[in-house]
>>> print(open('query37.cif').read())   # mmCIF, C-alpha atoms
data_my_file
loop_
_atom_site.label_atom_id
_atom_site.label_comp_id
_atom_site.auth_asym_id
_atom_site.auth_seq_id
_atom_site.Cartn_x
_atom_site.Cartn_y
_atom_site.Cartn_z
CA MET A 1 22.02 28.00 2.16
CA MET A 2 19.74 31.05 1.82
CA HIS A 3 17.90 29.34 -1.07
CA TYR A 4 17.11 26.34 1.17
CA LEU A 5 15.86 28.66 3.91
CA ILE A 6 13.59 30.60 1.51
CA LEU A 7 12.22 27.33 0.13
CA PHE A 8 11.54 25.96 3.62
CA ILE A 9 9.92 29.14 5.03
CA THR A 10 7.71 29.60 1.96
CA SER A 11 6.66 25.93 2.18
CA LEU A 12 5.90 26.31 5.89
CA LEU A 13 3.71 29.36 5.23
CA ALA A 14 1.88 27.54 2.42
CA GLY A 15 1.33 24.55 4.71
CA CYS A 16 -0.05 26.81 7.46
CA ILE A 17 -2.49 28.44 5.02
CA LEU A 18 -3.77 25.08 3.77
CA PHE A 19 -3.99 23.81 7.37
CA PHE A 20 -6.21 26.73 8.44
CA VAL A 21 -8.53 26.25 5.43
CA HIS A 22 -8.78 22.53 6.33
CA MET A 23 -7.12 21.26 3.14
CA ILE A 24 -6.33 17.52 3.02
CA LEU A 25 -2.59 16.85 3.62
CA PRO A 26 -1.67 20.54 4.13
CA TRP A 27 1.93 19.83 5.11
CA LEU A 28 2.47 17.83 1.92
CA PHE A 29 0.51 19.89 -0.62
CA GLY A 30 1.65 23.24 0.83
CA PRO A 31 5.35 22.59 0.11
CA ILE A 32 4.47 21.08 -3.30
CA ILE A 33 2.61 24.25 -4.34
CA ALA A 34 5.21 26.58 -2.81
CA SER A 35 8.20 24.92 -4.49
CA ILE A 36 6.48 24.87 -7.91
CA LEU A 37 5.59 28.57 -7.67
CA LEU A 38 9.10 29.54 -6.54
CA ARG A 39 10.69 27.67 -9.45
CA LYS A 40 8.21 29.06 -11.98
CA TYR A 41 8.09 32.72 -10.96
CA THR A 42 11.63 33.38 -9.73
CA ARG A 43 14.93 33.24 -11.56
CA ILE A 44 16.52 31.06 -8.91
CA GLU A 45 16.95 27.34 -9.68
CA TYR A 46 15.98 25.98 -6.29
CA LYS A 47 17.40 22.60 -5.29
CA TRP A 48 16.63 20.47 -2.26
CA PRO A 49 19.41 18.50 -0.51
CA LYS A 50 19.00 14.76 -0.92
CA TRP A 51 19.94 14.15 2.73
CA LEU A 52 16.92 16.16 3.93
CA SER A 53 14.60 13.94 1.89
CA GLU A 54 16.34 10.93 3.45
CA VAL A 55 15.76 12.39 6.93
CA GLY A 56 12.06 12.63 6.06
CA LEU A 57 12.04 8.98 5.02
CA TYR A 58 13.73 7.95 8.29
CA ILE A 59 11.06 9.78 10.30
CA LEU A 60 8.23 8.16 8.32
CA GLY A 61 9.92 4.77 8.62
CA ALA A 62 10.18 5.23 12.37
CA GLN A 63 6.46 6.01 12.54
CA ILE A 64 5.66 2.83 10.59
CA GLY A 65 8.00 0.69 12.68
CA ALA A 66 6.55 2.09 15.91
CA SER A 67 3.08 1.07 14.70
CA PHE A 68 4.01 -2.63 14.57
CA THR A 69 2.75 -3.70 18.00
CA LYS A 70 2.38 -7.37 18.97
CA GLU A 71 -1.39 -7.16 18.43
CA ILE A 72 -0.95 -5.72 14.92
CA VAL A 73 1.57 -8.43 13.96
CA VAL A 74 -0.90 -11.14 15.03
CA ASP A 75 -3.61 -9.48 12.90
CA ILE A 76 -1.27 -9.34 9.89
CA HIS A 77 -0.31 -13.00 10.35
CA ASP A 78 -3.99 -13.96 10.28
CA GLU A 79 -4.47 -12.11 6.97
CA ILE A 80 -1.36 -13.33 5.12
CA PHE A 81 -3.50 -15.01 2.43
CA TYR A 82 -5.32 -11.75 1.63
CA ILE A 83 -2.03 -9.81 1.65
CA PHE A 84 -0.63 -12.19 -0.97
CA LEU A 85 -3.86 -12.23 -3.00
CA MET A 86 -4.20 -8.44 -3.08
CA SER A 87 -0.55 -7.96 -4.06
CA LEU A 88 -0.90 -10.53 -6.85
CA LEU A 89 -4.11 -8.96 -8.19
CA VAL A 90 -2.60 -5.45 -8.26
CA ILE A 91 0.46 -6.72 -10.15
CA ILE A 92 -1.70 -8.62 -12.68
CA LEU A 93 -3.81 -5.47 -13.11
CA ALA A 94 -0.65 -3.44 -13.82
CA ILE A 95 0.52 -5.94 -16.47
CA LEU A 96 -2.87 -5.83 -18.23
CA ILE A 97 -2.90 -2.01 -18.21
CA ALA A 98 0.65 -2.06 -19.63
CA GLN A 99 -0.80 -3.52 -22.84
CA LEU A 100 -3.17 -0.55 -23.19
CA PHE A 101 -0.33 1.86 -22.44
CA LYS A 102 1.73 0.22 -25.18
CA ARG A 103 -1.01 0.67 -27.80
CA PHE A 104 -1.74 4.28 -26.86
CA THR A 105 1.86 5.53 -26.72
CA HIS A 106 3.21 3.14 -29.41
CA CYS A 107 6.10 2.18 -27.14
CA THR A 108 7.79 -1.20 -26.93
CA THR A 109 6.53 -4.05 -24.73
CA GLU A 110 9.64 -3.63 -22.57
CA THR A 111 8.87 0.04 -21.97
CA ALA A 112 5.19 -0.60 -21.20
CA LEU A 113 5.89 -3.37 -18.67
CA LEU A 114 8.65 -1.49 -16.85
CA ALA A 115 6.52 1.67 -16.77
CA ALA A 116 3.44 -0.07 -15.33
CA ILE A 117 4.70 -2.24 -12.43
CA PRO A 118 4.02 -0.29 -9.17
CA GLY A 119 6.09 -0.17 -6.01
CA ALA A 120 9.66 -0.78 -7.20
CA LEU A 121 10.67 2.42 -9.01
CA ASN A 122 14.44 1.99 -8.68
CA GLN A 123 14.39 -1.61 -9.91
CA MET A 124 12.24 -0.79 -12.98
CA ILE A 125 14.50 2.15 -13.92
CA MET A 126 17.62 -0.01 -13.52
CA MET A 127 16.11 -2.67 -15.80
CA ALA A 128 15.21 0.03 -18.34
CA GLU A 129 18.85 1.18 -18.33
CA GLU A 130 20.03 -2.37 -19.02
CA ASN A 131 17.49 -3.17 -21.80
CA LYS A 132 18.21 -1.58 -25.17
CA ASN A 133 14.56 -1.90 -26.28
CA ALA A 134 13.22 0.05 -23.29
CA ASN A 135 12.80 3.82 -23.39
CA LEU A 136 14.45 5.03 -20.17
CA LEU A 137 12.82 8.47 -20.34
CA VAL A 138 9.29 7.03 -20.66
CA VAL A 139 9.85 4.50 -17.85
CA THR A 140 11.29 7.16 -15.53
CA LEU A 141 8.52 9.65 -16.27
CA ALA A 142 5.76 7.05 -15.92
CA GLN A 143 7.08 5.68 -12.62
CA THR A 144 7.82 9.12 -11.14
CA SER A 145 4.56 10.61 -12.40
CA ARG A 146 2.61 7.76 -10.80
CA ILE A 147 3.89 8.82 -7.39
CA LEU A 148 2.87 12.42 -8.09
CA ILE A 149 -0.58 11.46 -9.43
CA VAL A 150 -1.17 9.12 -6.48
CA VAL A 151 -0.21 11.93 -4.08
CA MET A 152 -2.77 14.21 -5.75
CA ILE A 153 -5.68 11.75 -6.18
CA VAL A 154 -5.49 9.08 -3.46
CA PRO A 155 -5.77 11.52 -0.50
CA PHE A 156 -9.05 12.90 -1.84
CA ILE A 157 -10.49 9.43 -2.39
CA SER A 158 -9.26 8.33 1.03
CA SER A 159 -10.75 11.38 2.76
CA PHE A 160 -14.25 10.25 1.72
CA LEU A 161 -13.81 6.65 2.87
CA PRO A 162 -14.85 5.45 6.35
CA THR A 163 -11.97 4.77 8.75
CA GLY A 164 -11.91 1.69 10.93
CA HIS A 165 -11.25 0.77 14.52
CA SER A 166 -7.54 1.54 14.12
CA SER A 167 -8.14 5.27 14.39
CA ASN A 168 -8.15 5.13 18.18
CA THR A 169 -4.68 3.68 18.57
CA ALA A 170 -2.93 6.99 18.02
CA VAL A 171 -4.79 8.55 20.96
CA GLU A 172 -4.02 5.73 23.38
CA THR A 173 -0.28 5.49 22.61
CA ALA A 174 2.16 7.89 24.29
CA SER A 175 4.76 10.00 22.47
CA MET A 176 8.29 8.65 22.06
CA PHE A 177 9.85 11.14 24.50
CA GLU A 178 7.29 10.19 27.17
CA VAL A 179 8.23 6.50 26.97
CA LEU A 180 12.00 6.57 26.28
CA ASN A 181 14.93 8.45 27.80
CA VAL A 182 17.42 10.44 25.69
CA GLY A 183 20.04 7.67 25.73
CA THR A 184 17.60 5.07 24.41
CA VAL A 185 16.38 7.44 21.69
CA PHE A 186 19.99 8.08 20.61
CA MET A 187 20.70 4.32 20.54
CA LEU A 188 17.63 3.65 18.38
CA VAL A 189 18.56 6.46 15.97
CA ILE A 190 22.06 4.99 15.49
CA ALA A 191 20.56 1.52 14.98
CA MET A 192 18.12 2.89 12.37
CA ILE A 193 20.95 4.59 10.45
CA ILE A 194 23.01 1.37 10.44
CA ALA A 195 19.99 -0.67 9.31
CA GLY A 196 19.25 1.86 6.55
CA TYR A 197 22.85 1.62 5.33
CA PHE A 198 22.57 -2.19 5.29
CA PHE A 199 19.41 -2.07 3.14
CA LYS A 200 21.22 0.34 0.79
CA MET A 201 24.10 -2.10 0.43
CA ILE A 202 21.77 -4.91 -0.64
CA HIS A 203 19.92 -2.50 -3.01
CA PHE A 204 16.55 -2.92 -1.31
CA PRO A 205 13.80 -0.41 -2.30
CA VAL A 206 13.34 2.59 0.02
CA PRO A 207 16.24 1.65 2.33
CA ASP A 208 15.95 4.88 4.35
CA MET A 209 12.45 3.83 5.32
CA MET A 210 13.07 0.08 5.68
CA GLY A 211 15.91 0.59 8.20
CA PRO A 212 13.77 2.37 10.82
CA ILE A 213 10.85 0.00 10.18
CA ALA A 214 13.00 -3.05 10.89
CA VAL A 215 14.67 -1.59 14.00
CA LEU A 216 11.51 -0.29 15.69
CA MET A 217 9.48 -3.35 14.74
CA ILE A 218 12.06 -5.56 16.48
CA TRP A 219 12.18 -3.12 19.42
CA ASN A 220 8.38 -3.19 19.85
CA LEU A 221 8.13 -6.97 19.67
CA TYR A 222 11.06 -7.48 22.07
CA THR A 223 10.32 -4.81 24.71
CA GLY A 224 6.57 -4.23 24.40
CA LEU A 225 7.20 -0.48 24.90
CA ASP A 226 4.87 1.07 22.33
CA PHE A 227 5.15 4.74 21.38
CA LEU A 228 4.41 7.19 18.56
CA ILE A 229 6.71 9.66 16.79
CA PRO A 230 5.82 13.26 17.84
CA SER A 231 3.53 15.11 15.41
CA PRO A 232 6.00 17.98 14.71
CA LEU A 233 8.51 15.44 13.35
CA ILE A 234 5.84 13.88 11.10
CA ILE A 235 4.95 17.35 9.80
CA LEU A 236 8.63 18.04 9.14
CA ALA A 237 8.98 14.76 7.24
CA GLN A 238 5.98 15.61 5.07
CA MET A 239 7.40 19.05 4.32
CA PHE A 240 10.80 17.63 3.31
CA PHE A 241 9.01 15.20 1.01
CA GLY A 242 6.58 17.78 -0.37
CA ILE A 243 9.37 20.16 -1.38
CA ARG A 244 11.17 17.36 -3.20
CA ILE A 245 7.98 16.28 -5.04
CA GLY A 246 7.17 19.87 -6.03
CA LEU A 247 10.60 20.37 -7.58
CA GLN A 248 10.23 17.01 -9.37
CA ILE A 249 6.87 18.07 -10.83
CA TYR A 250 8.36 21.28 -12.20
CA ASP A 251 11.36 19.48 -13.72
CA LEU A 252 9.18 16.77 -15.31
CA SER A 253 6.66 19.24 -16.75
CA SER A 254 9.10 20.35 -19.46
CA GLN A 255 9.86 16.77 -20.57
CA ILE A 256 6.34 15.39 -21.07
CA ASN A 257 4.67 15.73 -24.49
CA ARG A 258 0.89 15.60 -24.99
CA ASN A 259 0.56 11.90 -25.93
CA LEU A 260 2.89 10.75 -23.17
CA PHE A 261 1.09 12.92 -20.59
CA ILE A 262 -2.33 11.54 -21.57
CA GLY A 263 -0.99 7.96 -21.69
CA VAL A 264 0.64 8.17 -18.25
CA LEU A 265 -2.45 9.86 -16.79
CA ILE A 266 -4.83 7.22 -18.20
CA GLN A 267 -2.51 4.41 -17.09
CA ASN A 268 -2.39 5.65 -13.51
CA LEU A 269 -6.11 6.48 -13.32
CA LEU A 270 -6.89 2.96 -14.55
CA LEU A 271 -4.52 1.50 -11.94
CA ILE A 272 -6.22 3.48 -9.17
CA ALA A 273 -9.73 2.62 -10.44
CA GLY A 274 -8.81 -1.05 -10.86
CA THR A 275 -7.34 -1.12 -7.37
CA PHE A 276 -10.56 0.38 -6.02
CA ILE A 277 -12.59 -2.41 -7.66
CA ILE A 278 -10.23 -5.09 -6.27
CA VAL A 279 -10.65 -3.64 -2.78
CA VAL A 280 -14.46 -3.56 -3.15
CA MET A 281 -14.42 -7.29 -3.93
CA LEU A 282 -11.96 -8.26 -1.18
CA ASN A 283 -13.78 -6.10 1.36
CA LEU A 284 -16.72 -8.53 1.12
CA PHE A 285 -14.53 -11.22 2.74
CA MET A 286 -12.40 -9.12 5.11
CA ASP A 287 -13.13 -7.46 8.44
CA GLU A 288 -11.08 -4.28 7.84
CA SER A 289 -11.99 -0.67 7.13
CA PHE A 290 -12.31 0.19 3.44
CA ASN A 291 -9.82 3.05 3.80
CA ASP A 292 -7.15 0.74 5.26
CA LEU A 293 -7.64 -1.77 2.45
CA PHE A 294 -7.64 0.88 -0.28
CA LEU A 295 -4.40 2.46 0.96
CA SER A 296 -2.89 -1.03 1.34
CA ALA A 297 -3.55 -1.72 -2.34
CA ALA A 298 -2.97 1.77 -3.78
CA PRO A 299 -0.35 1.71 -6.58
CA GLY A 300 2.20 4.27 -5.45
CA GLY A 301 5.34 4.83 -3.44
CA MET A 302 5.09 3.42 0.07
CA ALA A 303 6.26 6.69 1.64
CA GLN A 304 3.54 8.73 -0.03
CA ILE A 305 0.79 6.24 0.82
CA ILE A 306 1.94 6.10 4.45
CA ILE A 307 1.69 9.91 4.69
CA VAL A 308 -1.93 9.65 3.53
CA GLY A 309 -2.50 6.84 6.04
CA ILE A 310 -1.12 8.89 8.92
CA GLU A 311 -3.26 11.91 8.00
CA THR A 312 -6.45 9.83 7.68
CA HIS A 313 -5.75 7.95 10.95
CA ALA A 314 -5.49 4.64 9.12
CA ASN A 315 -3.71 1.49 10.29
CA VAL A 316 -0.20 2.33 9.00
CA ALA A 317 1.26 -0.98 10.18
CA MET A 318 -1.24 -2.91 8.11
CA ILE A 319 -0.81 -0.61 5.09
CA SER A 320 2.98 -0.78 5.19
CA SER A 321 2.92 -4.58 5.60
CA TYR A 322 0.88 -4.91 2.39
CA HIS A 323 3.26 -2.60 0.51
CA ILE A 324 6.39 -4.28 1.88
CA PHE A 325 5.00 -7.70 0.92
CA ARG A 326 4.22 -6.41 -2.59
CA ILE A 327 7.79 -5.11 -2.88
CA PHE A 328 9.09 -8.57 -1.94
CA ILE A 329 6.86 -10.21 -4.59
CA ILE A 330 8.07 -7.71 -7.21
CA LEU A 331 11.73 -8.18 -6.26
CA LEU A 332 11.73 -11.95 -5.82
CA ILE A 333 9.19 -13.06 -8.44
CA VAL A 334 8.00 -10.35 -10.86
CA THR A 335 11.36 -8.67 -11.61
CA PRO A 336 13.19 -11.96 -12.43
CA LEU A 337 10.24 -13.12 -14.58
CA ILE A 338 10.12 -9.83 -16.50
CA SER A 339 13.90 -9.93 -16.93
CA MET A 340 13.71 -13.51 -18.28
CA TYR A 341 10.82 -12.57 -20.59
CA LEU A 342 12.62 -9.54 -22.01
CA LYS A 343 15.85 -11.50 -22.55
CA ALA A 344 13.89 -14.26 -24.31
CA ARG A 345 12.31 -11.62 -26.57
CA ASP A 346 15.77 -10.25 -27.42
CA ILE A 347 17.03 -13.73 -28.28
CA ARG A 348 13.98 -14.46 -30.48
CA SER A 349 14.25 -11.14 -32.31
CA THR A 350 18.00 -11.68 -32.88
CA ARG A 351 17.34 -15.16 -34.31
CA LEU A 352 14.63 -13.80 -36.61
CA LYS A 353 17.01 -11.15 -37.93
CA ILE A 354 19.69 -13.77 -38.58
CA ASP A 355 17.17 -16.02 -40.36
CA ASN A 356 15.96 -13.13 -42.53
CA ILE A 357 19.53 -12.20 -43.50
CA SER A 358 20.40 -15.80 -44.35
#
>>> encode(input="query37.cif", output="structure tokens")
Amino acid sequence: MMHYLILFITSLLAGCILFFVHMILPWLFGPIIASILLRKYTRIEYKWPKWLSEVGLYILGAQIGASFTKEIVVDIHDEIFYIFLMSLLVIILAILIAQLFKRFTHCTTETALLAAIPGALNQMIMMAEENKNANLLVVTLAQTSRILIVVMIVPFISSFLPTGHSSNTAVETASMFEVLNVGTVFMLVIAMIIAGYFFKMIHFPVPDMMGPIAVLMIWNLYTGLDFLIPSPLIILAQMFFGIRIGLQIYDLSSQINRNLFIGVLIQNLLLIAGTFIIVVMLNLFMDESFNDLFLSAAPGGMAQIIIVGIETHANVAMISSYHIFRIFIILLIVTPLISMYLKARDIRSTRLKIDNIS
């Protein structure tokens, strides 16, 4: 228990320092830096309870769900074609970059594809476990490292981009405790936990975030009582997440060799650069801020991108809708197609071996 307390207090102090020097995402980068330094320069093997990370996801999910007002849903409905097009282009980009990753790291096609597809980390790792030609370590490192690289690079890019009209919504919307009584808050929390458990049972990506999103989205559309999650809770969620990411960075650092590090770095930089170009082209036809579109397309974990969106006063409902839609495309279309392709490759290679033997 004392180790958790030391980790939390040190992360809080680091966040405060970065906040006062006006660092981008201080409550995320502060804990990342603090947890890495504690692991590196002390003899204690710090761990972070999984349930605290899940609490952070629930808070971020609640913030996203609360952002889905009736007006936002109408806007999203009007842009469904662009949501589908952007998701498709990002996935195609990832598949093309997978071919470069394969040549550079000399890995198998299975490994390259599973390492490159963004937004469905758990599903790609599960497929790597099931496929004997896929390198589970490379897939895990590539997928996890992408989240870390996106957390480090995307905020800085986003901080230089112009924000849109959505930045005023946070000021006009009251805090949750100003709109709801304690009983209603308790009821919504229970509903979010139940919904999160349901998404876990059906093995949906980021269930701890999807549960609160679904509950509060339905609540907003049914009642029309819009509210925002209090800032201290958002800061707490970022800290819980930052500590977890920092410990992950330290653990991964000992497993990555030079070629793999360079390959993963190039792969993710190309994904981010390619995404930027896609957004530049689509921005010519869309009436949205460039920052909102870039974060909507960014190839990373939805939770991390949403944190950046909150800090840059972006339209988090729009951003999360793009990422959720991309997850659906990956789960319902891309994952089955990749699975069929990899199985077909196994069958062909087995037949070739049999023919060569005979």
>>> axis_aligned_box(input="query37.cif", around="stretch 196-208 of chain A", padding_each_side="6 Å", output="AutoDock Vina command-line options")
--center_x 18.7 --center_y 0.0 --center_z 1.8 --size_x 22.8 --size_y 21.8 --size_z 21.6
>>> residues_around(input="query37.cif", residues="A:Ile278", least_positions_apart="3", cutoff="8 Å", atoms="only C-alpha atoms", output="JSON, numbers by chain")
{"A": [86, 89, 90, 274, 275, 281, 282]}
>>> closest_residue(input="query37.cif", among="A:Leu60, A:Ile305, A:Leu5, A:Thr184", to="A:Pro232", atoms="only C-alpha atoms")
A:Leu60
>>> atom_distance(input="query37.cif", atom1="atom CA of A:Thr140", atom2="atom CA of A:Ser253")
13.0 Å
>>> residues_around(input="query37.cif", residues="A:Tyr46", least_positions_apart="4", cutoff="10 Å", atoms="only C-alpha atoms", output="list in words")
His3, Tyr4, Ile6, Leu7, Ser35, Ile36, Leu38, Arg39, Thr42 and Leu247 of chain A
>>> closest_residue(input="query37.cif", among="A:Gln143, A:Ser159, A:Asn220, A:Ser231", to="A:Val308", atoms="all atoms listed in the file")
A:Ser159
>>> residues_around(input="query37.cif", residues="A:Ala273", least_positions_apart="4", cutoff="12 Å", atoms="only C-alpha atoms", output="list in words")
Val90, Leu93, Ala94, Ile97, Val150, Ile153, Val154, Ile157, Ile266, Gln267, Asn268, Leu269, Ile277, Ile278, Val279, Val280, Phe294, Ala297, Ala298 and Pro299 of chain A
>>> atom_distance(input="query37.cif", atom1="atom CA of A:Phe325", atom2="atom CA of A:Thr111")
24.5 Å
>>> residues_around(input="query37.cif", residues="A:Arg244", least_positions_apart="6", cutoff="10 Å", atoms="all atoms listed in the file", output="CSV table (one decimal) with C-alpha atoms, in the coordinates of the input")
chain,number,residue,atom,x,y,z
A,31,PRO,CA,5.4,22.6,0.1
A,32,ILE,CA,4.5,21.1,-3.3
A,35,SER,CA,8.2,24.9,-4.5
A,47,LYS,CA,17.4,22.6,-5.3
A,48,TRP,CA,16.6,20.5,-2.3
A,49,PRO,CA,19.4,18.5,-0.5
A,50,LYS,CA,19.0,14.8,-0.9
A,52,LEU,CA,16.9,16.2,3.9
A,53,SER,CA,14.6,13.9,1.9
A,238,GLN,CA,6.0,15.6,5.1
>>> resolve_selection(input="query37.cif", expression="the PyMOL selection byres ((chain A and resi 70) around 8)", output="PyMOL selection string")
chain A and resi 68-69+71-74+220-221+224
>>> atom_distance(input="query37.cif", atom1="atom CA of A:Tyr341", atom2="atom CA of A:Leu85")
22.9 Å
>>> residues_around(input="query37.cif", residues="A:Ile319", least_positions_apart="3", cutoff="7 Å", atoms="all atoms listed in the file", output="list of chain:residue names")
A:Asp292, A:Leu295, A:Ser296, A:Asn315, A:Val316, A:Tyr322, A:His323
>>> resolve_selection(input="query37.cif", expression="the PyMOL selection byres ((chain A and resi 108) around 12)", output="list of chain:residue names")
A:Ala98, A:Gln99, A:Leu100, A:Phe101, A:Lys102, A:Arg103, A:Phe104, A:Thr105, A:His106, A:Cys107, A:Thr109, A:Glu110, A:Thr111, A:Ala112, A:Leu113, A:Leu114, A:Ala115, A:Ala128, A:Asn131, A:Lys132, A:Asn133, A:Ala134, A:Asn135, A:Leu136, A:Val138, A:Val139, A:Leu342, A:Arg345
>>> decode(input="query37.cif", residues="stretch 58-66 of chain A", atoms="all heavy atoms", output="PDB file, in the first residue's frame")
ATOM      1  N   TYR A  58     -13.265   4.476 -16.671  1.00  0.00           N
ATOM      2  CA  TYR A  58     -14.683   4.772 -16.419  1.00  0.00           C
ATOM      3  C   TYR A  58     -14.926   6.287 -16.390  1.00  0.00           C
ATOM      4  O   TYR A  58     -15.927   6.775 -16.927  1.00  0.00           O
ATOM      5  CB  TYR A  58     -15.135   4.141 -15.101  1.00  0.00           C
ATOM      6  CG  TYR A  58     -15.677   2.743 -15.256  1.00  0.00           C
ATOM      7  CD1 TYR A  58     -14.861   1.626 -15.090  1.00  0.00           C
ATOM      8  CD2 TYR A  58     -17.013   2.528 -15.590  1.00  0.00           C
ATOM      9  CE1 TYR A  58     -15.355   0.344 -15.244  1.00  0.00           C
ATOM     10  CE2 TYR A  58     -17.527   1.244 -15.743  1.00  0.00           C
ATOM     11  CZ  TYR A  58     -16.684   0.153 -15.567  1.00  0.00           C
ATOM     12  OH  TYR A  58     -17.185  -1.121 -15.735  1.00  0.00           O
ATOM     13  N   ILE A  59     -14.004   7.017 -15.757  1.00  0.00           N
ATOM     14  CA  ILE A  59     -14.154   8.474 -15.680  1.00  0.00           C
ATOM     15  C   ILE A  59     -14.071   9.092 -17.071  1.00  0.00           C
ATOM     16  O   ILE A  59     -14.888   9.947 -17.449  1.00  0.00           O
ATOM     17  CB  ILE A  59     -13.075   9.081 -14.760  1.00  0.00           C
ATOM     18  CG1 ILE A  59     -13.278   8.598 -13.321  1.00  0.00           C
ATOM     19  CG2 ILE A  59     -13.142  10.613 -14.798  1.00  0.00           C
ATOM     20  CD1 ILE A  59     -12.149   8.970 -12.376  1.00  0.00           C
ATOM     21  N   LEU A  60     -13.079   8.650 -17.868  1.00  0.00           N
ATOM     22  CA  LEU A  60     -12.940   9.176 -19.230  1.00  0.00           C
ATOM     23  C   LEU A  60     -14.136   8.789 -20.095  1.00  0.00           C
ATOM     24  O   LEU A  60     -14.620   9.593 -20.898  1.00  0.00           O
ATOM     25  CB  LEU A  60     -11.650   8.648 -19.859  1.00  0.00           C
ATOM     26  CG  LEU A  60     -10.342   9.150 -19.240  1.00  0.00           C
ATOM     27  CD1 LEU A  60      -9.153   8.441 -19.849  1.00  0.00           C
ATOM     28  CD2 LEU A  60     -10.201  10.651 -19.402  1.00  0.00           C
ATOM     29  N   GLY A  61     -14.625   7.566 -19.916  1.00  0.00           N
ATOM     30  CA  GLY A  61     -15.815   7.132 -20.651  1.00  0.00           C
ATOM     31  C   GLY A  61     -17.032   7.964 -20.298  1.00  0.00           C
ATOM     32  O   GLY A  61     -17.847   8.310 -21.168  1.00  0.00           O
ATOM     33  N   ALA A  62     -17.147   8.305 -19.016  1.00  0.00           N
ATOM     34  CA  ALA A  62     -18.265   9.153 -18.575  1.00  0.00           C
ATOM     35  C   ALA A  62     -18.179  10.532 -19.222  1.00  0.00           C
ATOM     36  O   ALA A  62     -19.198  11.106 -19.631  1.00  0.00           O
ATOM     37  CB  ALA A  62     -18.254   9.271 -17.048  1.00  0.00           C
ATOM     38  N   GLN A  63     -16.964  11.068 -19.322  1.00  0.00           N
ATOM     39  CA  GLN A  63     -16.786  12.374 -19.956  1.00  0.00           C
ATOM     40  C   GLN A  63     -17.189  12.327 -21.424  1.00  0.00           C
ATOM     41  O   GLN A  63     -17.836  13.247 -21.941  1.00  0.00           O
ATOM     42  CB  GLN A  63     -15.331  12.827 -19.814  1.00  0.00           C
ATOM     43  CG  GLN A  63     -14.973  14.096 -20.567  1.00  0.00           C
ATOM     44  CD  GLN A  63     -15.654  15.333 -19.994  1.00  0.00           C
ATOM     45  OE1 GLN A  63     -16.340  15.253 -18.983  1.00  0.00           O
ATOM     46  NE2 GLN A  63     -15.500  16.464 -20.657  1.00  0.00           N
ATOM     47  N   ILE A  64     -16.816  11.244 -22.109  1.00  0.00           N
ATOM     48  CA  ILE A  64     -17.186  11.096 -23.523  1.00  0.00           C
ATOM     49  C   ILE A  64     -18.702  10.976 -23.659  1.00  0.00           C
ATOM     50  O   ILE A  64     -19.330  11.653 -24.472  1.00  0.00           O
ATOM     51  CB  ILE A  64     -16.505   9.852 -24.132  1.00  0.00           C
ATOM     52  CG1 ILE A  64     -14.988  10.009 -24.120  1.00  0.00           C
ATOM     53  CG2 ILE A  64     -16.990   9.629 -25.570  1.00  0.00           C
ATOM     54  CD1 ILE A  64     -14.254   8.731 -24.447  1.00  0.00           C
ATOM     55  N   GLY A  65     -19.291  10.084 -22.853  1.00  0.00           N
ATOM     56  CA  GLY A  65     -20.737   9.873 -22.923  1.00  0.00           C
ATOM     57  C   GLY A  65     -21.514  11.144 -22.649  1.00  0.00           C
ATOM     58  O   GLY A  65     -22.525  11.434 -23.305  1.00  0.00           O
ATOM     59  N   ALA A  66     -21.032  11.930 -21.666  1.00  0.00           N
ATOM     60  CA  ALA A  66     -21.705  13.184 -21.318  1.00  0.00           C
ATOM     61  C   ALA A  66     -21.613  14.204 -22.450  1.00  0.00           C
ATOM     62  O   ALA A  66     -22.417  15.130 -22.525  1.00  0.00           O
ATOM     63  CB  ALA A  66     -21.092  13.767 -20.044  1.00  0.00           C
TER      64      ALA A  66
END
